[in-house]
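What follows is a short report on a single structure.
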Amino acid sequence: MPTEDSPHVTAKHWQDCTDVYDFLNQIRLRPGMWVPGGSLLQLQSLLTGYRAALGVHGIEKPFAFWPEDDFNRWLQEQRGIAGSLTWAAEIERNTPVGSTPVEEFFRLLDAYRSESAQNSTPGAASTRFPGIEYTNNTFVTLFWRRQLLTEAELRLEERGFRVVHLAAGKWASEQDMHRDVATALQFPDYYGHNLDALNDCLGDVTCYGPYDDSPEGTGLVLSITDYDHFTAACPRAAQIVLDIVADQARHAAVLQRRFFALVHSNDPDIRFEPVGAMPVMWNNDEWADSNRG
């Protein structure tokens, strides 16, 4: 059932889909294969799985189909209703005669996308998804110029993030790192000052909130300066710490919480192994080697 919004949709493998709307277009082409029986509750389950996969892999893309999210609010406004029904239940309950729930969903989806496109404004993505520039490709972003790091911190604080500062230039040993991290994040007295304990306690903070109950706002950011000093002193621990950060950031994303790290290095050529199954990457302004020399 092609529409004006998708006149040239062709069948492809689901792994080749670029976003949720591309995925939905594949379902539109072959609804009997994806939604046997025509149940929108099954379609809703498919979309929930899709969103969970984005969170697991740390991919920040627009998704409007949570029960309390944009598509559901738009549908309620269109129909002048309010209540706890999900969009799937509401559409199935009020499908017009002569149509099917799946056909009605795609008709409404096209209307929603058309209206959203008319109302969109430049910069809306960064406003709606604050911090996306530091989570889209990696949860650990490198900085060489301190001024760029400072500017990034200020932008994130303006968007409501809680930025926790750590000075790795003082870390001559792994124990120095554990001491400062435990103090900055108010880890409990039973914190074991080892990498396994760091993984456990950081996971508590990122996924469930800080131990000291301080306001988290939009999300939590670790800003670590002079990390090259710690890397030279404790190379294995330095790599594992970044891996722990990335892994816990991915866990937090599944719970719709934002956590990531900005890491400053005085060495413009520093390299790390991939962390959390994602690379450690230079920020956009210093991506090219020529911008760090």
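Ligands are numbered from 1 in the order shown, chains are lettered A, B, ... in the order of the structure tokens, and residues start at 1 in each chain.
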List as a list in words the protein and nucleic acid residues near range 268-282 of chain A, meaning an atom at most 6 Å away when only C-alpha atoms are counted, but skip any in the same chain fewer than 6 places from it.
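My list of contacting residues is Thr138, Val140, Thr141, Leu142, Trp144, Asp243, Ala246, Asp247 and Arg292 of chain A.
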Can you pull out every residue within 12 Å of Cys201 in chain A, counting only C-alpha atoms, but drop anything in the same chain fewer than 2 positions away, and send it as number ranges by chain?
A: 178, 181-182, 185-199, 203-211, 244-245, 248
Which is closest to Asp212 in chain A among A:Thr183, A:Asp226, A:Thr231, A:Ala88, if we use only C-alpha atoms?
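Between A:Thr183, A:Asp226, A:Thr231, A:Ala88, the residue approaching Asp212 in chain A most closely is A:Thr183.
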Running DSSP on the backbone, which parts of range 17-174 of chain A land in strand (DSSP E), as an mmCIF file with N, CA, C and O atoms, in the first residue's frame?
```cif
data_model
loop_
_atom_site.group_PDB
_atom_site.id
_atom_site.type_symbol
_atom_site.label_atom_id
_atom_site.label_comp_id
_atom_site.auth_asym_id
_atom_site.auth_seq_id
_atom_site.Cartn_x
_atom_site.Cartn_y
_atom_site.Cartn_z
ATOM 1 N N VAL A 140 32.525 7.084 24.294
ATOM 2 C CA VAL A 140 33.758 7.691 24.801
ATOM 3 C C VAL A 140 34.352 8.544 23.693
ATOM 4 O O VAL A 140 34.814 8.017 22.682
ATOM 5 N N THR A 141 34.331 9.858 23.861
ATOM 6 C CA THR A 141 34.820 10.786 22.842
ATOM 7 C C THR A 141 36.095 11.456 23.317
ATOM 8 O O THR A 141 36.157 11.980 24.429
ATOM 9 N N LEU A 142 37.115 11.467 22.454
ATOM 10 C CA LEU A 142 38.412 12.042 22.792
ATOM 11 C C LEU A 142 38.495 13.520 22.429
ATOM 12 O O LEU A 142 37.910 13.963 21.439
ATOM 13 N N PHE A 143 39.254 14.258 23.240
ATOM 14 C CA PHE A 143 39.537 15.673 22.996
ATOM 15 C C PHE A 143 41.033 15.910 23.191
ATOM 16 O O PHE A 143 41.647 15.363 24.115
ATOM 17 N N ARG A 162 24.482 16.631 34.112
ATOM 18 C CA ARG A 162 25.375 16.749 35.256
ATOM 19 C C ARG A 162 26.762 16.295 34.797
ATOM 20 O O ARG A 162 26.946 15.139 34.408
ATOM 21 N N VAL A 163 27.739 17.192 34.805
ATOM 22 C CA VAL A 163 29.092 16.878 34.354
ATOM 23 C C VAL A 163 29.981 16.673 35.581
ATOM 24 O O VAL A 163 30.112 17.573 36.417
ATOM 25 N N VAL A 164 30.574 15.489 35.688
ATOM 26 C CA VAL A 164 31.472 15.154 36.788
ATOM 27 C C VAL A 164 32.907 15.218 36.263
ATOM 28 O O VAL A 164 33.254 14.538 35.294
ATOM 29 N N HIS A 165 33.755 16.033 36.899
ATOM 30 C CA HIS A 165 35.121 16.266 36.438
ATOM 31 C C HIS A 165 36.103 15.361 37.174
ATOM 32 O O HIS A 165 36.054 15.235 38.401
ATOM 33 N N LEU A 166 37.019 14.759 36.417
ATOM 34 C CA LEU A 166 38.060 13.908 36.974
ATOM 35 C C LEU A 166 39.400 14.312 36.365
ATOM 36 O O LEU A 166 39.504 14.490 35.144
ATOM 37 N N ALA A 167 40.430 14.449 37.199
ATOM 38 C CA ALA A 167 41.761 14.866 36.746
ATOM 39 C C ALA A 167 42.684 13.660 36.743
ATOM 40 O O ALA A 167 43.300 13.313 37.766
#
```
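Of the listed residues (A:Glu151, A:Lys61, A:Ser223, A:Glu174), A:Glu151 comes nearest to Asp285 in chain A; the distances count only C-alpha atoms.
Distance-wise, CA of Asn284 in chain A and CA of Thr225 in chain A end up 18.1 Å apart.
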Quick one: residues within 9 Å of range 13-28 of chain A, only C-alpha atoms, excluding same-chain residues fewer than 6 positions away - as a list in words?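 Residues near the query, excluding close chain neighbours: Met1, Pro2, Ser6, Trp34, Val35, Leu43, Leu47, Tyr50, Arg51, Lys61, Pro62, Phe63, Val102, Glu103 and Phe106 of chain A.
What separates CA of Gln78 in chain A from CA of Ala117 in chain A is a distance of 16.4 Å.
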Can you list, as a PyMOL selection string, all residues belonging to range 12-203 of chain A that DSSP tags as helix (DSSP H, G or I)?
chain A and resi 14-16+20-29+31-34+40-56+70-79+87-93+101-119+124-128+132-134+146-158+168-170+174-184+195-203
Here CA of Thr218 in chain A and CA of Arg258 in chain A stand apart by 7.1 Å
Of A:Cys234, A:Ala53, A:Ile91, A:Leu154, the one sitting nearest Ala168 in chain A when using only C-alpha atoms is A:Cys234
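When only C-alpha atoms are used to measure the gap to Asp228 in chain A, the shortest distance among A:Ala172, A:Ala261, A:Leu40, A:Ala111 belongs to A:Ala172.
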I need the residue nearest Glu90 in chain A from this list: A:Met33, A:Gln44, A:Asp267, A:Thr135. Use only C-alpha atoms for the distance.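 Comparing A:Met33, A:Gln44, A:Asp267, A:Thr135 against Glu90 in chain A, the winner is A:Gln44.
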